[in-house]
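Accompanying notes for the structure given below.
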Amino acid sequence: MGEQASKIGKKLEQFGENFFANLGWTELTRDKEIKCTRSSHCNRSSHKKRTHGIDLLCKFTNPYVIGDQAVIVECKNRQMASITQASIEEWVKELINNIECAQSAPELEDVDLKNTTLNTGLLLIHANDSFDTQKFYDYLSKITVPNRRNPINIFVAANDRIAQWTSLFNKISTSYNNGFSFIYPSINESNKACQTALTINGLFSKYLLGKSTYMVKKNNAGNTYDEPHTQNMLFFFDEVTVDNFKYAWSMFKYYQLQGTEKYVFLFYPRKNGDADFVKETFMKALKSGDTPIEDSEAEKIEIDFIHNRYLSPIETGGVL
């Protein structure tokens, strides 16, 4: 068992051992083997397995569902040449079969899945030599999987998203860790919620909302002290365009994030020139159009950048 634990530990090194903890997910089990109990669903002629191996099984609170949401995480560490449309398709099918059998696996009876929905998988694919973004997403767009009577949700991420998520949490931990939480606005009659855990849907969202606490120096009768203030935040992972700038601001207002003394907009540059375009154009975009931002509101906005490891430090923000 110790050898197996070491094996999965080394496998997860490529994805960051603390990554799932940073997400706020609870690890339920790792490197767990379960028997395949659905031979009619599990196409043994293709994967030739009588058992399934679970790399990680985690759960988190999802404000938009009743109870918790569980995710089986499968990690693949390969050379780019071994990451093909056929291999991705096979990995996805294996993960679906894994989830179906895990839903009623006796081997998981001692795992805390009370009030937890298990119908979601996360396939992490890491190219350990040179990642080809265009080729990967071309493969991903063409894969097909059989329909299931009970829907199974599969999310797939590779080097670029893994790097984006790692940079996001590095930014939060180094610059906004004081009282930080993600904001889940009221949608379809759900209650607004704030929590440190990021849902799996949030991981793949183009926009995230959050809040944190910052300190303001105050002086009273010669005594200096720090006064806490709340700042609302929007994380921007969309394409850097004027229309998307306006959309981000309209979203910020729609979900009623105004009212604090500071609004922080954090951008993730994806190509050379994105950071300069944000600095030169973002505020101009908000001040243009039929309903320009009021000066009192514009003064509250701060722009920050999340580092993109595939770009130079200058291209991911530099000095504002």
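Naming works like this for the structure tokens: A, B, ... for the chains as they're shown, residue 1 at the start of each chain, ligands 1 onward in shown order.
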DSSP-assigned alpha helix (DSSP H) among stretch 86-297 of chain A, expressed as a PyMOL selection string: chain A and resi 86-102+133-142+159-175+200-203+242-254+274-287+295-297
Give me, as a list in words, all polymer residues having an atom no more than 9 Å from A:Lys93, counting only C-alpha atoms and skipping those fewer than 3 positions away in the same chain.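 The filter keeps Cys42, Ile88, Glu89, Glu90, Ile96, Asn97, Asn98, Val145 and Pro146 of chain A.
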Selection from above, C-alpha atoms, as an mmCIF file, in the first residue's frame, can you write it?
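Output file selection.cif is given in full below:
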data_model
loop_
_atom_site.group_PDB
_atom_site.id
_atom_site.type_symbol
_atom_site.label_atom_id
_atom_site.label_comp_id
_atom_site.auth_asym_id
_atom_site.auth_seq_id
_atom_site.Cartn_x
_atom_site.Cartn_y
_atom_site.Cartn_z
ATOM 1 C CA CYS A 42 -18.015 -1.246 -19.395
ATOM 2 C CA ILE A 88 -8.414 11.217 -25.128
ATOM 3 C CA GLU A 89 -11.612 9.522 -26.254
ATOM 4 C CA GLU A 90 -10.569 6.279 -24.571
ATOM 5 C CA ILE A 96 -17.337 7.488 -17.438
ATOM 6 C CA ASN A 97 -17.276 3.741 -16.756
ATOM 7 C CA ASN A 98 -15.314 4.399 -13.582
ATOM 8 C CA VAL A 145 -18.744 9.337 -26.391
ATOM 9 C CA PRO A 146 -21.856 7.162 -26.103
#
Quick one: of A:Asn115, A:Ser190, A:Thr174, A:Ser82, who's nearest to A:Gly67, counting only C-alpha atoms? A:Asn115
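Of all the residues in stretch 240-320 of chain A, the ones DSSP labels as strand (DSSP E) from the backbone are Lys262, Tyr263, Val264, Phe265, Leu266, Phe267, Ile301, Glu302, Ile303, Asp304 and Phe305 of chain A.
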With N, CA, C and O atoms kept, could you save the residues just selected as a compact mmCIF listing (two decimals), in the first residue's frame?
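Output contents, as saved in again_27.txt:
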# COMPACT_ATOMS: atom_id res chain seq x y z
N LYS A 262 -13.62 49.62 -3.07
CA LYS A 262 -12.66 49.25 -4.11
C LYS A 262 -13.20 48.09 -4.92
O LYS A 262 -13.78 47.14 -4.38
N TYR A 263 -13.02 48.18 -6.27
CA TYR A 263 -13.37 47.09 -7.17
C TYR A 263 -12.09 46.65 -7.87
O TYR A 263 -11.43 47.48 -8.52
N VAL A 264 -11.75 45.38 -7.77
CA VAL A 264 -10.53 44.88 -8.39
C VAL A 264 -10.89 43.98 -9.56
O VAL A 264 -11.63 43.00 -9.41
N PHE A 265 -10.36 44.31 -10.74
CA PHE A 265 -10.55 43.49 -11.93
C PHE A 265 -9.21 42.84 -12.27
O PHE A 265 -8.23 43.54 -12.55
N LEU A 266 -9.17 41.52 -12.22
CA LEU A 266 -7.94 40.79 -12.46
C LEU A 266 -8.01 40.08 -13.81
O LEU A 266 -8.94 39.31 -14.08
N PHE A 267 -7.03 40.34 -14.66
CA PHE A 267 -7.02 39.82 -16.02
C PHE A 267 -5.93 38.76 -16.19
O PHE A 267 -4.86 38.85 -15.58
N ILE A 301 -12.05 51.56 -9.22
CA ILE A 301 -11.56 50.38 -9.95
C ILE A 301 -10.03 50.31 -9.93
O ILE A 301 -9.34 51.30 -10.19
N GLU A 302 -9.53 49.12 -9.62
CA GLU A 302 -8.11 48.82 -9.73
C GLU A 302 -7.94 47.65 -10.69
O GLU A 302 -8.75 46.72 -10.70
N ILE A 303 -6.90 47.69 -11.50
CA ILE A 303 -6.60 46.64 -12.46
C ILE A 303 -5.39 45.85 -11.98
O ILE A 303 -4.40 46.43 -11.55
N ASP A 304 -5.50 44.54 -12.04
CA ASP A 304 -4.38 43.68 -11.66
C ASP A 304 -4.30 42.53 -12.67
O ASP A 304 -5.24 42.31 -13.45
N PHE A 305 -3.19 41.81 -12.65
CA PHE A 305 -2.97 40.75 -13.62
C PHE A 305 -2.56 39.46 -12.93
O PHE A 305 -1.86 39.46 -11.92
Stretch 92-153 of chain A residues near stretch 192-214 of chain A within 12 Å, closest pair each, using only C-alpha atoms, as JSON lines:
{"residue": "A:Thr120", "atom": "CA", "partner": "A:Ile200", "partner_atom": "CA", "distance": 9.1}
{"residue": "A:Gly121", "atom": "CA", "partner": "A:Ile200", "partner_atom": "CA", "distance": 9.5}
{"residue": "A:Leu122", "atom": "CA", "partner": "A:Ile200", "partner_atom": "CA", "distance": 8.4}
{"residue": "A:Leu123", "atom": "CA", "partner": "A:Ile200", "partner_atom": "CA", "distance": 11.7}
{"residue": "A:Asn153", "atom": "CA", "partner": "A:Ile200", "partner_atom": "CA", "distance": 10.4}
Expected file: the selected residues, N, CA and C atoms, as a short mmCIF file (atom, residue, chain, number, x, y, z; two decimals), in the first residue's frame:
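So the final result, stored in result22.cif, reads:
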data_model
loop_
_atom_site.label_atom_id
_atom_site.label_comp_id
_atom_site.auth_asym_id
_atom_site.auth_seq_id
_atom_site.Cartn_x
_atom_site.Cartn_y
_atom_site.Cartn_z
N THR A 120 -19.71 13.20 -11.74
CA THR A 120 -18.80 14.14 -12.39
C THR A 120 -17.37 13.60 -12.38
N GLY A 121 -16.69 13.82 -13.48
CA GLY A 121 -15.29 13.42 -13.59
C GLY A 121 -14.44 14.56 -14.12
N LEU A 122 -13.19 14.60 -13.68
CA LEU A 122 -12.22 15.58 -14.17
C LEU A 122 -11.02 14.83 -14.71
N LEU A 123 -10.78 14.96 -16.00
CA LEU A 123 -9.64 14.32 -16.65
C LEU A 123 -8.55 15.37 -16.84
N ASN A 153 -21.11 13.91 -16.19
CA ASN A 153 -20.45 15.15 -16.62
C ASN A 153 -18.94 14.96 -16.56
#
Given the choices A:Asp132, A:Asp55, A:Asp276, A:Asp238, which gets closest to A:Ile99 if the distance is worked out from only C-alpha atoms?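 Selected residue with least distance to A:Ile99: A:Asp55.
One distance worth recording is that between atom CA of A:Thr26 and atom CA of A:Phe155, which is 18.3 Å.
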Could you name the residues that touch A:Thr241 at 9 Å or less, counting only C-alpha atoms, but leaving out those on the same chain fewer than 3 positions away, as a PyMOL selection string? chain A and resi 238+244-246+277-278+281-282
Writer output for current selection, N, CA, C and O atoms, as a CSV table (one decimal), in the first residue's frame:
chain,number,residue,atom,x,y,z
A,238,ASP,N,-11.6,35.7,-20.1
A,238,ASP,CA,-12.2,35.8,-21.4
A,238,ASP,C,-11.2,36.4,-22.4
A,238,ASP,O,-10.1,36.9,-22.0
A,244,ASN,N,-16.1,42.6,-24.4
A,244,ASN,CA,-16.0,41.8,-23.2
A,244,ASN,C,-15.7,42.6,-22.0
A,244,ASN,O,-16.1,42.3,-20.9
A,245,PHE,N,-15.0,43.7,-22.1
A,245,PHE,CA,-14.8,44.7,-21.0
A,245,PHE,C,-16.1,45.2,-20.5
A,245,PHE,O,-16.4,45.2,-19.3
A,246,LYS,N,-16.9,45.6,-21.5
A,246,LYS,CA,-18.2,46.2,-21.2
A,246,LYS,C,-19.1,45.1,-20.5
A,246,LYS,O,-19.9,45.4,-19.6
A,277,PHE,N,-3.1,46.2,-23.8
A,277,PHE,CA,-4.4,46.6,-24.3
A,277,PHE,C,-5.4,46.8,-23.2
A,277,PHE,O,-6.2,47.7,-23.2
A,278,VAL,N,-5.3,46.0,-22.1
A,278,VAL,CA,-6.2,46.2,-20.9
A,278,VAL,C,-5.9,47.5,-20.3
A,278,VAL,O,-6.8,48.3,-20.0
A,281,THR,N,-7.1,50.4,-22.6
A,281,THR,CA,-8.5,50.4,-23.2
A,281,THR,C,-9.6,50.1,-22.2
A,281,THR,O,-10.7,50.5,-22.4
A,282,PHE,N,-9.3,49.4,-21.1
A,282,PHE,CA,-10.4,48.9,-20.2
A,282,PHE,C,-11.2,50.1,-19.7
A,282,PHE,O,-12.5,50.1,-19.8
Write out as a ChimeraX atom specification the residues lying within 10 Å of A:Ala81, counting only C-alpha atoms and excluding same-chain residues fewer than 3 positions away. /A:78,84,127,129-132
Considering only C-alpha atoms, return as a short mmCIF file (atom, residue, chain, number, x, y, z; two decimals) with all heavy atoms, in the first residue's frame whatever protein or nucleic-acid residues lie within 10 Å of A:Cys101, sequence-local ones (same chain, fewer than 2 positions apart) excluded.
data_model
loop_
_atom_site.label_atom_id
_atom_site.label_comp_id
_atom_site.auth_asym_id
_atom_site.auth_seq_id
_atom_site.Cartn_x
_atom_site.Cartn_y
_atom_site.Cartn_z
N ILE A 34 -11.58 -0.40 -7.51
CA ILE A 34 -12.94 -0.93 -7.34
C ILE A 34 -13.22 -1.93 -8.46
O ILE A 34 -12.64 -1.85 -9.54
CB ILE A 34 -14.00 0.19 -7.36
CG1 ILE A 34 -14.00 0.92 -8.71
CG2 ILE A 34 -13.79 1.17 -6.22
CD1 ILE A 34 -15.11 1.93 -8.88
N LYS A 35 -14.09 -2.89 -8.18
CA LYS A 35 -14.45 -3.88 -9.18
C LYS A 35 -15.41 -3.29 -10.20
O LYS A 35 -16.25 -2.45 -9.88
CB LYS A 35 -15.08 -5.09 -8.51
CG LYS A 35 -14.12 -5.90 -7.66
CD LYS A 35 -14.82 -7.10 -7.05
CE LYS A 35 -13.85 -7.91 -6.18
NZ LYS A 35 -14.53 -9.07 -5.56
N CYS A 36 -15.28 -3.74 -11.43
CA CYS A 36 -16.22 -3.34 -12.47
C CYS A 36 -17.48 -4.17 -12.30
O CYS A 36 -17.46 -5.39 -12.40
CB CYS A 36 -15.62 -3.57 -13.85
SG CYS A 36 -16.74 -3.18 -15.20
N THR A 37 -18.59 -3.51 -12.02
CA THR A 37 -19.85 -4.20 -11.75
C THR A 37 -20.87 -4.03 -12.87
O THR A 37 -22.00 -4.48 -12.76
CB THR A 37 -20.48 -3.67 -10.45
OG1 THR A 37 -20.68 -2.25 -10.57
CG2 THR A 37 -19.57 -3.95 -9.27
N ARG A 38 -20.46 -3.35 -13.94
CA ARG A 38 -21.41 -3.08 -15.03
C ARG A 38 -20.82 -3.57 -16.34
O ARG A 38 -20.50 -2.77 -17.23
CB ARG A 38 -21.74 -1.59 -15.11
CG ARG A 38 -22.34 -1.03 -13.83
CD ARG A 38 -22.95 0.32 -14.09
NE ARG A 38 -23.54 0.87 -12.89
CZ ARG A 38 -24.38 1.90 -12.88
NH1 ARG A 38 -24.71 2.48 -14.02
NH2 ARG A 38 -24.89 2.34 -11.76
N SER A 39 -20.70 -4.83 -16.46
CA SER A 39 -20.05 -5.39 -17.64
C SER A 39 -20.77 -5.01 -18.94
O SER A 39 -20.16 -4.86 -19.99
CB SER A 39 -19.97 -6.91 -17.54
OG SER A 39 -21.26 -7.48 -17.37
N HIS A 41 -22.09 -2.16 -19.50
CA HIS A 41 -21.76 -0.77 -19.81
C HIS A 41 -20.26 -0.62 -20.05
O HIS A 41 -19.84 0.18 -20.86
CB HIS A 41 -22.17 0.15 -18.66
CG HIS A 41 -23.65 0.21 -18.47
ND1 HIS A 41 -24.49 0.82 -19.37
CD2 HIS A 41 -24.44 -0.27 -17.49
CE1 HIS A 41 -25.74 0.72 -18.95
NE2 HIS A 41 -25.74 0.06 -17.81
N CYS A 42 -19.46 -1.37 -19.29
CA CYS A 42 -18.02 -1.25 -19.39
C CYS A 42 -17.52 -2.12 -20.52
O CYS A 42 -17.51 -3.34 -20.41
CB CYS A 42 -17.34 -1.65 -18.08
SG CYS A 42 -17.91 -0.66 -16.69
N THR A 51 -11.40 -4.24 -13.20
CA THR A 51 -11.41 -3.29 -12.09
C THR A 51 -11.18 -1.89 -12.64
O THR A 51 -10.73 -1.71 -13.77
CB THR A 51 -10.31 -3.60 -11.06
OG1 THR A 51 -9.03 -3.51 -11.71
CG2 THR A 51 -10.49 -4.98 -10.46
N HIS A 52 -11.52 -0.89 -11.82
CA HIS A 52 -11.24 0.51 -12.13
C HIS A 52 -10.34 1.08 -11.04
O HIS A 52 -10.50 0.76 -9.86
CB HIS A 52 -12.53 1.34 -12.17
CG HIS A 52 -13.52 0.86 -13.19
ND1 HIS A 52 -13.33 1.02 -14.54
CD2 HIS A 52 -14.72 0.24 -13.04
CE1 HIS A 52 -14.36 0.52 -15.19
NE2 HIS A 52 -15.22 0.03 -14.31
N LEU A 95 -13.21 6.94 -17.82
CA LEU A 95 -13.62 7.73 -16.67
C LEU A 95 -15.14 7.63 -16.45
O LEU A 95 -15.61 7.55 -15.31
CB LEU A 95 -13.19 9.19 -16.85
CG LEU A 95 -13.45 10.16 -15.70
CD1 LEU A 95 -12.92 9.62 -14.38
CD2 LEU A 95 -12.83 11.52 -16.00
N ILE A 96 -15.88 7.65 -17.54
CA ILE A 96 -17.34 7.49 -17.44
C ILE A 96 -17.67 6.14 -16.82
O ILE A 96 -18.50 6.04 -15.90
CB ILE A 96 -18.00 7.63 -18.83
CG1 ILE A 96 -17.90 9.08 -19.32
CG2 ILE A 96 -19.47 7.21 -18.77
CD1 ILE A 96 -18.37 9.28 -20.75
N ASN A 97 -17.04 5.08 -17.31
CA ASN A 97 -17.28 3.74 -16.76
C ASN A 97 -16.89 3.69 -15.28
O ASN A 97 -17.57 3.06 -14.46
CB ASN A 97 -16.47 2.71 -17.54
CG ASN A 97 -16.96 2.54 -18.96
OD1 ASN A 97 -18.11 2.83 -19.27
ND2 ASN A 97 -16.07 2.10 -19.85
N ASN A 98 -15.80 4.34 -14.96
CA ASN A 98 -15.31 4.40 -13.58
C ASN A 98 -16.37 5.02 -12.67
O ASN A 98 -16.68 4.49 -11.59
CB ASN A 98 -14.03 5.23 -13.56
CG ASN A 98 -13.22 5.04 -12.29
OD1 ASN A 98 -13.73 4.55 -11.29
ND2 ASN A 98 -11.96 5.44 -12.33
N ILE A 99 -16.94 6.12 -13.09
CA ILE A 99 -17.95 6.82 -12.29
C ILE A 99 -19.19 5.96 -12.12
O ILE A 99 -19.75 5.84 -11.02
CB ILE A 99 -18.31 8.18 -12.93
CG1 ILE A 99 -17.10 9.12 -12.89
CG2 ILE A 99 -19.50 8.82 -12.23
CD1 ILE A 99 -17.27 10.37 -13.74
N GLN A 103 -20.53 4.60 -8.35
CA GLN A 103 -21.79 5.03 -7.74
C GLN A 103 -22.39 3.96 -6.82
O GLN A 103 -23.17 4.29 -5.93
CB GLN A 103 -22.79 5.41 -8.84
CG GLN A 103 -22.43 6.71 -9.55
CD GLN A 103 -23.31 6.98 -10.76
OE1 GLN A 103 -23.91 6.07 -11.33
NE2 GLN A 103 -23.37 8.24 -11.19
N SER A 104 -22.03 2.70 -7.05
CA SER A 104 -22.57 1.63 -6.20
C SER A 104 -21.48 0.66 -5.76
O SER A 104 -21.76 -0.49 -5.44
CB SER A 104 -23.66 0.87 -6.96
OG SER A 104 -23.14 0.33 -8.17
N ALA A 105 -20.23 1.14 -5.73
CA ALA A 105 -19.10 0.25 -5.40
C ALA A 105 -19.05 -0.06 -3.91
O ALA A 105 -19.00 0.85 -3.08
CB ALA A 105 -17.79 0.90 -5.84
N PRO A 106 -19.03 -1.34 -3.52
CA PRO A 106 -18.89 -1.70 -2.10
C PRO A 106 -17.58 -1.19 -1.51
O PRO A 106 -17.51 -0.91 -0.31
CB PRO A 106 -18.92 -3.24 -2.13
CG PRO A 106 -19.56 -3.61 -3.42
CD PRO A 106 -19.19 -2.52 -4.39
#
One number please: atom CA of A:Phe20 to atom CA of A:Arg309, in Å, one decimal.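 Answer for the atom CA of A:Phe20 to atom CA of A:Arg309 separation: 19.7 Å.
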